[in-house]
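Encoded as structure tokens, the structure appears first; notes follow it.
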Amino acid sequence: MEHLRTEEVEILTKKHLMNTYGRAGISLTEGSGARVRDAEGREYLDFVSGIAVCGLGHCHPRVVAAIREQAGRLMHCSNLYHIEAQALLAKMLLEDSPFGKAFFCNSGTEANEAAIKLARKYARVKHGDARCEIVTALKSFHGRTLGSLTATGQPKYQKDFGPLPAGFTYVPFNDISAMERAVTEKTAAVLIEPIQGEGGIHVADEKYIRRARELCDETGAILIMDEVQTGMGRTGKMFAFQHFGIVPDAITLAKSLGGGFPIGALLAKDEVAEVFTPGTHAATFGGNPLACAASLAVLKTIREEGILDHVVAVSRFLFKMLEELKGRCPQITEIRGRGLMVGIEVLGRSDTGVEDPAKLICLQCAREGLLVNAVTDTTVRLLPPLIIGEAEVREAVDIMERVMTTVFG
Ligand SMILES: *Cc1c(COP(=O)(O)O)cnc(C)c1O
């Protein structure tokens with residue numbers, strides 16, 4: 001198929017789109033599995049996966065078939081009516097979880113908005129009016145709409161958008177005593193990522209999450225885990241909270257839930273979910289037939305094709321390769337993460353004189369045919385599709401080694 005050249009797309013983008021993204025000078029036009037191709041026909045090994053969205057790789061045949069089939073039958077009908085695919089998807093998602101009910105929306109930020117509203121309504125019904133506070137972590141990321149932006153414990157995202165909604169407090173991540181001080185009889189919910197993604201791939205300590213669970217139990221607050229990035233097998237379990245030996249009261253999902261098609265979800269225990277009644281929350285597009293058909297295909301594939309076991313095995317190989325790379329490359333200071341959600345920490349400018357090293361590494365990797373992304377000045381993030389094989393891991397690590405050598409001289 002003929003495509004506009006990258007340069008032409010770039011001109012149109014600059015002219016017509018709001019300047020909200022720092023985009024790489026690449027125009028992607030096709031993808032299959034772990035590979036994507038740009039307008040000039042250059043191929044890339046994709047270790048970004050559309051930011052953990054294309055969990056099963058690009059254009060997974062089962063997802064494509066489900067979308068094609070559903071698109072030809074019924075795309076949308078609204079939640080004024082029953083939706084077969086939505087009901088089946090909820091059933092299947094909940095079967096793999098300790099939760100009782102689902103609410104569907106279209107994105108991570110919407111899932112978190114729904115969770116915040118649910119937590120406040122539940123606190124009001126259960127405890128009365130004084131309880132509305134949401135405790136979240138510094139360096140967290142929960143989205144860009146005003147509620148989830150306020151939940152996001154990073155002033156750089158919030159600045160210029162005030163006044164922000166009241167009732168949010170922030171605690172340093174993995175700091176148990178700060179959490180003990182913050183969670184009180186005023187707390188409606190603790191909202192936390194099991195692994196901070198946008199904040200730089202920081203894995204929560206098991207003790208920390210267990211203590212958060214206890215504090216919520218002691219005070220009557222609910223524990224919500226934001227699994228928008230970690231969910232749907234990314235860490236080797238269906239949901240990352242399953243690594244910690246606790247059960248949250250609710251979780252939020254989006255990103256890879258639809259395998260590339262936009263869909264978000266809030267899952268909650270029955271006792272909490274029941275405070276949502278007709279009219280309390282809604283989304284016009286939420287859980288429409290097309291999105292749910294795509295997501296059902298994703299779930300079936302994860303279940304039937306042994307994806308979780310594969311992630312565990314290939315993750316072990318990836319971490320081994322990266323630790324070996326770290327041994328050969330003194331500028332790598334740490335490999336963090338779990339499953340196929342990985343951060344490579346490199347020395348900063350003050351140590352090497354290299355300005356914005358993570359960004360530079362990403363740029364050079366793209367030139368060498370590997371897509372990775374920078375979450376901080378010094379953290380390169382890897383989010384390969386869950387179907388990645390050892391040969392592709394080897395290829396990616398080889399490219400990163402060449403690039404590190406060039407970047408750090
Ligand atoms: C990406 C992300 C979000 C926001 O999701 P959107 O679909 O961009 O609104 C929220 N929470 C976490 C943990 C994320 O990684």
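Naming scheme: A, B, ... for chains in displayed order of the structure tokens; residues 1 onward per chain; ligands 1 onward as shown.
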
Q. Which residues in stretch 202-290 of chain A does DSSP call strand (DSSP E or B)? List them as a list in words.
A.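 Filtering stretch 202-290 of chain A to strand (DSSP E or B) leaves His202, Val203, Ile222, Leu223, Ile224, Met225, Asp226, Ala250, Ile251, Thr252, Leu253, Gly259, Phe261, Gly264, Ala265, Leu266, Leu267 and Ala268 of chain A.
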
Q) Counting only C-alpha atoms and all ligand atoms, what residues are within 7 Å of ligand 1, given as a PyMOL selection string? A) chain A and resi 107-110+141-144+193+196-198+226-229+254-255

Take the residues that were just selected and, keeping N, CA, C and O atoms, output them as a short mmCIF file (atom, residue, chain, number, x, y, z; two decimals), in the first residue's frame.
```cif
data_model
loop_
_atom_site.label_atom_id
_atom_site.label_comp_id
_atom_site.auth_asym_id
_atom_site.auth_seq_id
_atom_site.Cartn_x
_atom_site.Cartn_y
_atom_site.Cartn_z
N SER A 107 -10.47 4.03 28.54
CA SER A 107 -9.06 4.38 28.72
C SER A 107 -8.68 4.19 30.18
O SER A 107 -9.55 3.99 31.04
N GLY A 108 -7.39 4.34 30.44
CA GLY A 108 -6.90 4.21 31.80
C GLY A 108 -7.37 5.34 32.69
O GLY A 108 -7.77 5.13 33.84
N THR A 109 -7.32 6.54 32.16
CA THR A 109 -7.74 7.69 32.96
C THR A 109 -9.21 7.57 33.35
O THR A 109 -9.60 7.85 34.48
N GLU A 110 -10.02 7.10 32.43
CA GLU A 110 -11.45 6.92 32.73
C GLU A 110 -11.67 5.82 33.76
O GLU A 110 -12.58 5.92 34.59
N PHE A 141 1.53 7.53 38.24
CA PHE A 141 0.83 8.06 37.07
C PHE A 141 -0.53 7.39 36.98
O PHE A 141 -0.63 6.17 36.93
N HIS A 142 -1.59 8.22 36.98
CA HIS A 142 -2.93 7.66 36.93
C HIS A 142 -3.77 8.24 35.79
O HIS A 142 -4.92 7.86 35.64
N GLY A 143 -3.21 9.18 35.02
CA GLY A 143 -3.95 9.71 33.88
C GLY A 143 -3.95 11.22 33.83
O GLY A 143 -3.32 11.89 34.64
N ARG A 144 -4.70 11.76 32.87
CA ARG A 144 -4.60 13.19 32.53
C ARG A 144 -5.89 13.98 32.74
O ARG A 144 -5.89 15.19 32.57
N GLU A 193 0.00 1.97 42.09
CA GLU A 193 0.44 1.06 41.03
C GLU A 193 1.32 -0.03 41.64
O GLU A 193 2.22 0.28 42.40
N GLN A 196 5.32 1.17 39.37
CA GLN A 196 5.15 2.48 38.75
C GLN A 196 5.76 2.43 37.35
O GLN A 196 6.94 2.14 37.19
N GLY A 197 4.92 2.71 36.36
CA GLY A 197 5.37 2.63 34.98
C GLY A 197 5.95 3.94 34.50
O GLY A 197 7.17 4.08 34.32
N GLU A 198 5.08 4.94 34.32
CA GLU A 198 5.53 6.24 33.81
C GLU A 198 6.54 6.90 34.74
O GLU A 198 7.37 7.69 34.32
N ASP A 226 -3.90 0.38 40.53
CA ASP A 226 -3.94 0.82 39.14
C ASP A 226 -3.09 -0.16 38.32
O ASP A 226 -1.86 -0.11 38.35
N GLU A 227 -3.78 -1.04 37.64
CA GLU A 227 -3.10 -2.07 36.83
C GLU A 227 -3.25 -1.76 35.34
O GLU A 227 -3.26 -2.67 34.50
N VAL A 228 -3.40 -0.49 35.03
CA VAL A 228 -3.57 -0.08 33.63
C VAL A 228 -2.37 -0.55 32.79
O VAL A 228 -2.55 -1.04 31.67
N GLN A 229 -1.18 -0.44 33.35
CA GLN A 229 0.01 -0.86 32.61
C GLN A 229 0.45 -2.29 32.97
O GLN A 229 0.96 -3.02 32.13
N ALA A 254 -6.62 -1.02 31.44
CA ALA A 254 -6.84 -0.42 30.12
C ALA A 254 -5.72 -0.94 29.21
O ALA A 254 -5.62 -2.15 29.06
N LYS A 255 -4.90 -0.06 28.70
CA LYS A 255 -3.78 -0.42 27.82
C LYS A 255 -3.99 -1.73 27.05
O LYS A 255 -4.70 -1.72 26.06
#
```

So that I can check the secondary structure, give me every residue of stretch 17-135 of chain A assigned alpha helix (DSSP H) by backbone DSSP, as a PDB file with C-alpha atoms, in the first residue's frame.
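Output file part_34.pdb is given in full below:
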```pdb
ATOM      1  CA  SER A  49       4.099  -2.123  21.941  1.00  0.00           C
ATOM      2  CA  GLY A  50       2.205   1.152  21.695  1.00  0.00           C
ATOM      3  CA  ILE A  51       3.045   1.695  25.390  1.00  0.00           C
ATOM      4  CA  ALA A  52       2.039  -1.780  26.567  1.00  0.00           C
ATOM      5  CA  PRO A  61      -4.909 -12.770  13.999  1.00  0.00           C
ATOM      6  CA  ARG A  62      -7.504 -13.658  16.654  1.00  0.00           C
ATOM      7  CA  VAL A  63      -7.999 -10.018  17.628  1.00  0.00           C
ATOM      8  CA  VAL A  64      -8.192  -8.898  14.007  1.00  0.00           C
ATOM      9  CA  ALA A  65     -10.718 -11.623  13.189  1.00  0.00           C
ATOM     10  CA  ALA A  66     -12.886 -10.735  16.191  1.00  0.00           C
ATOM     11  CA  ILE A  67     -12.905  -7.027  15.282  1.00  0.00           C
ATOM     12  CA  ARG A  68     -13.685  -7.751  11.606  1.00  0.00           C
ATOM     13  CA  GLU A  69     -16.517 -10.069  12.501  1.00  0.00           C
ATOM     14  CA  GLN A  70     -18.063  -7.771  15.127  1.00  0.00           C
ATOM     15  CA  ALA A  71     -17.626  -4.644  12.984  1.00  0.00           C
ATOM     16  CA  GLU A  84     -23.673  -9.770  24.703  1.00  0.00           C
ATOM     17  CA  ALA A  85     -19.926  -9.238  24.262  1.00  0.00           C
ATOM     18  CA  GLN A  86     -19.772  -6.940  27.313  1.00  0.00           C
ATOM     19  CA  ALA A  87     -21.534  -9.473  29.531  1.00  0.00           C
ATOM     20  CA  LEU A  88     -19.300 -12.294  28.302  1.00  0.00           C
ATOM     21  CA  LEU A  89     -16.164 -10.189  28.725  1.00  0.00           C
ATOM     22  CA  ALA A  90     -17.094  -9.246  32.289  1.00  0.00           C
ATOM     23  CA  LYS A  91     -17.746 -12.896  33.116  1.00  0.00           C
ATOM     24  CA  MET A  92     -14.408 -13.985  31.712  1.00  0.00           C
ATOM     25  CA  LEU A  93     -12.376 -11.178  33.316  1.00  0.00           C
ATOM     26  CA  LEU A  94     -13.950 -11.794  36.698  1.00  0.00           C
ATOM     27  CA  GLU A  95     -13.377 -15.563  36.478  1.00  0.00           C
ATOM     28  CA  GLY A 108      -6.897   4.209  31.799  1.00  0.00           C
ATOM     29  CA  THR A 109      -7.736   7.693  32.965  1.00  0.00           C
ATOM     30  CA  GLU A 110     -11.450   6.921  32.734  1.00  0.00           C
ATOM     31  CA  ALA A 111     -10.994   3.696  34.658  1.00  0.00           C
ATOM     32  CA  ASN A 112      -9.264   5.637  37.437  1.00  0.00           C
ATOM     33  CA  GLU A 113     -11.946   8.343  37.436  1.00  0.00           C
ATOM     34  CA  ALA A 114     -14.516   5.596  37.874  1.00  0.00           C
ATOM     35  CA  ALA A 115     -12.438   4.096  40.703  1.00  0.00           C
ATOM     36  CA  ILE A 116     -12.132   7.446  42.507  1.00  0.00           C
ATOM     37  CA  LYS A 117     -15.868   8.053  42.217  1.00  0.00           C
ATOM     38  CA  LEU A 118     -16.633   4.527  43.397  1.00  0.00           C
ATOM     39  CA  ALA A 119     -14.292   4.925  46.398  1.00  0.00           C
ATOM     40  CA  ARG A 120     -15.895   8.216  47.441  1.00  0.00           C
ATOM     41  CA  LYS A 121     -19.433   6.955  46.998  1.00  0.00           C
ATOM     42  CA  TYR A 122     -18.620   3.796  48.943  1.00  0.00           C
ATOM     43  CA  ALA A 123     -16.998   5.792  51.766  1.00  0.00           C
ATOM     44  CA  ARG A 124     -20.031   8.079  51.934  1.00  0.00           C
ATOM     45  CA  VAL A 125     -22.509   5.217  52.009  1.00  0.00           C
ATOM     46  CA  LYS A 126     -20.503   3.218  54.519  1.00  0.00           C
ATOM     47  CA  HIS A 127     -18.973   5.872  56.777  1.00  0.00           C
TER      48      HIS A 127
END
```

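Our summary of the geometry notes that atom CA of A:Val342 is positioned 25.6 Å from atom CA of A:Met179.
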
Closest atom pairs, residues of stretch 149-253 of chain A within 12 Å of stretch 286-301 of chain A, only C-alpha atoms, as JSON lines:
```
{"residue": "A:Gly231", "atom": "CA", "partner": "A:Leu299", "partner_atom": "CA", "distance": 11.6}
{"residue": "A:Met232", "atom": "CA", "partner": "A:Leu299", "partner_atom": "CA", "distance": 8.1}
{"residue": "A:Gly233", "atom": "CA", "partner": "A:Leu299", "partner_atom": "CA", "distance": 9.8}
{"residue": "A:Met238", "atom": "CA", "partner": "A:Leu299", "partner_atom": "CA", "distance": 9.7}
{"residue": "A:Leu253", "atom": "CA", "partner": "A:Ser295", "partner_atom": "CA", "distance": 11.5}
```

Q: Extract, using only C-alpha atoms, all DNA, RNA and protein residues at most 12 Å from A:Asp175, discarding same-chain residues fewer than 2 positions from it, and format them as an MDAnalysis selection string.
A: chainID A and resid 136:138 170:173 177:182 204:209 211:212

Q: Excluding A:Ala358 and any residue of its chain fewer than 6 positions from it, enumerate the residues within 9 Å of it, using only C-alpha atoms, and give them as a PyMOL selection string.
A: chain A and resi 344-346+348+373-381

Q.
I'd like the neighbourhood of A:Val393 as a ChimeraX atom specification, where a residue qualifies if any of its atoms comes within 9 Å (using only C-alpha atoms), though same-chain residues fewer than 5 positions away should be ignored.
A. /A:314,317-318,321,384,388,398

With N, CA, C and O atoms retained, write the just-selected residues as a compact mmCIF listing (two decimals), in the first residue's frame.
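Final file, again_4.txt:
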```
# COMPACT_ATOMS: atom_id res chain seq x y z
N VAL A 314 10.18 -16.15 29.12
CA VAL A 314 10.93 -15.22 28.28
C VAL A 314 11.46 -14.04 29.11
O VAL A 314 12.52 -13.48 28.83
N PHE A 317 14.71 -15.02 30.65
CA PHE A 317 15.78 -14.91 29.65
C PHE A 317 16.17 -13.44 29.44
O PHE A 317 17.35 -13.10 29.40
N LEU A 318 15.17 -12.57 29.33
CA LEU A 318 15.44 -11.14 29.12
C LEU A 318 16.25 -10.57 30.28
O LEU A 318 17.25 -9.87 30.07
N MET A 321 19.84 -11.80 30.13
CA MET A 321 20.59 -11.10 29.08
C MET A 321 20.93 -9.66 29.51
O MET A 321 22.02 -9.17 29.24
N PRO A 384 8.08 -5.05 25.61
CA PRO A 384 7.86 -5.84 24.39
C PRO A 384 6.50 -6.54 24.44
O PRO A 384 5.96 -6.73 25.53
N ILE A 388 6.79 -12.18 22.56
CA ILE A 388 8.18 -12.06 22.11
C ILE A 388 8.93 -13.39 22.34
O ILE A 388 8.67 -14.09 23.32
N ASP A 398 21.43 -7.12 21.66
CA ASP A 398 22.59 -6.84 20.80
C ASP A 398 22.57 -5.39 20.32
O ASP A 398 23.59 -4.69 20.36
```

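Distances to A:Arg213 were evaluated for A:Phe244, A:Tyr44, A:Phe103, A:Gly199 using only C-alpha atoms, and the minimum falls at A:Phe244.
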
Near stretch 370-372 of chain A, within 6 Å and counting only C-alpha atoms, which residues show up once chain neighbours fewer than 2 positions away are dropped, as a compact mmCIF listing (two decimals) with all heavy atoms, in the first residue's frame?
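Below is the file result08.txt, written as the result:
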```
# COMPACT_ATOMS: atom_id res chain seq x y z
N TYR A 44 11.21 -2.31 12.24
CA TYR A 44 11.67 -2.15 13.62
C TYR A 44 11.18 -3.32 14.47
O TYR A 44 10.06 -3.80 14.29
CB TYR A 44 11.10 -0.87 14.25
CG TYR A 44 11.39 0.40 13.50
CD1 TYR A 44 10.58 0.78 12.44
CD2 TYR A 44 12.46 1.21 13.85
CE1 TYR A 44 10.82 1.95 11.73
CE2 TYR A 44 12.72 2.39 13.16
CZ TYR A 44 11.90 2.75 12.10
OH TYR A 44 12.14 3.90 11.40
N LEU A 45 12.04 -3.71 15.40
CA LEU A 45 11.62 -4.63 16.45
C LEU A 45 10.98 -3.76 17.52
O LEU A 45 11.61 -2.80 17.99
CB LEU A 45 12.86 -5.37 16.97
CG LEU A 45 12.66 -6.42 18.04
CD1 LEU A 45 11.65 -7.47 17.62
CD2 LEU A 45 14.02 -7.08 18.35
N ASP A 46 9.75 -4.07 17.90
CA ASP A 46 8.99 -3.13 18.73
C ASP A 46 9.00 -3.53 20.21
O ASP A 46 8.27 -4.44 20.61
CB ASP A 46 7.55 -3.04 18.20
CG ASP A 46 6.74 -1.99 18.94
OD1 ASP A 46 7.32 -1.29 19.80
OD2 ASP A 46 5.54 -1.88 18.66
N PHE A 47 9.81 -2.85 20.99
CA PHE A 47 9.84 -3.07 22.44
C PHE A 47 9.13 -1.94 23.18
O PHE A 47 9.46 -1.61 24.32
CB PHE A 47 11.30 -3.23 22.93
CG PHE A 47 11.78 -4.66 22.93
CD1 PHE A 47 11.56 -5.48 21.83
CD2 PHE A 47 12.45 -5.21 24.02
CE1 PHE A 47 11.99 -6.80 21.80
CE2 PHE A 47 12.88 -6.53 24.01
CZ PHE A 47 12.65 -7.33 22.90
N VAL A 48 8.14 -1.35 22.50
CA VAL A 48 7.28 -0.34 23.14
C VAL A 48 5.83 -0.87 23.16
O VAL A 48 5.10 -0.68 24.13
CB VAL A 48 7.34 1.02 22.40
CG1 VAL A 48 6.35 2.01 23.02
CG2 VAL A 48 8.76 1.59 22.45
N CYS A 362 17.32 5.87 23.07
CA CYS A 362 16.11 5.52 22.31
C CYS A 362 16.23 5.93 20.85
O CYS A 362 15.86 5.18 19.94
CB CYS A 362 14.88 6.18 22.94
SG CYS A 362 14.55 5.52 24.56
N CYS A 365 18.68 3.63 19.15
CA CYS A 365 18.09 2.30 18.99
C CYS A 365 17.14 2.29 17.79
O CYS A 365 17.15 1.35 16.98
CB CYS A 365 17.34 1.87 20.26
SG CYS A 365 18.42 1.22 21.55
N ALA A 366 16.33 3.35 17.67
CA ALA A 366 15.39 3.42 16.54
C ALA A 366 16.16 3.41 15.22
O ALA A 366 15.75 2.74 14.26
CB ALA A 366 14.52 4.66 16.65
N GLU A 368 18.82 1.95 14.67
CA GLU A 368 19.33 0.58 14.49
C GLU A 368 18.19 -0.44 14.37
O GLU A 368 18.43 -1.64 14.35
CB GLU A 368 20.21 0.19 15.67
CG GLU A 368 21.41 1.10 15.89
CD GLU A 368 22.68 0.55 15.25
OE1 GLU A 368 22.74 -0.67 15.00
OE2 GLU A 368 23.59 1.35 15.00
N LEU A 382 11.47 -0.93 28.61
CA LEU A 382 11.16 -1.99 27.64
C LEU A 382 9.79 -2.57 27.95
O LEU A 382 9.52 -2.99 29.08
CB LEU A 382 12.19 -3.14 27.73
CG LEU A 382 13.68 -2.79 27.71
CD1 LEU A 382 14.50 -4.08 27.71
CD2 LEU A 382 14.04 -1.95 26.50
```

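You can rank A:Cys77, A:Arg367, A:Ile332, A:Ile26 by their closest distance to A:Asp351 using only C-alpha atoms, and at the top of that list sits A:Ile332.
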
Q) Which residues, written as a VMD selection string, have at least one atom at most 7 Å from A:Gly339, with only C-alpha atoms counted and residues fewer than 4 positions away on the same chain left out? A) chain A and resid 234 to 236 311 to 312 315
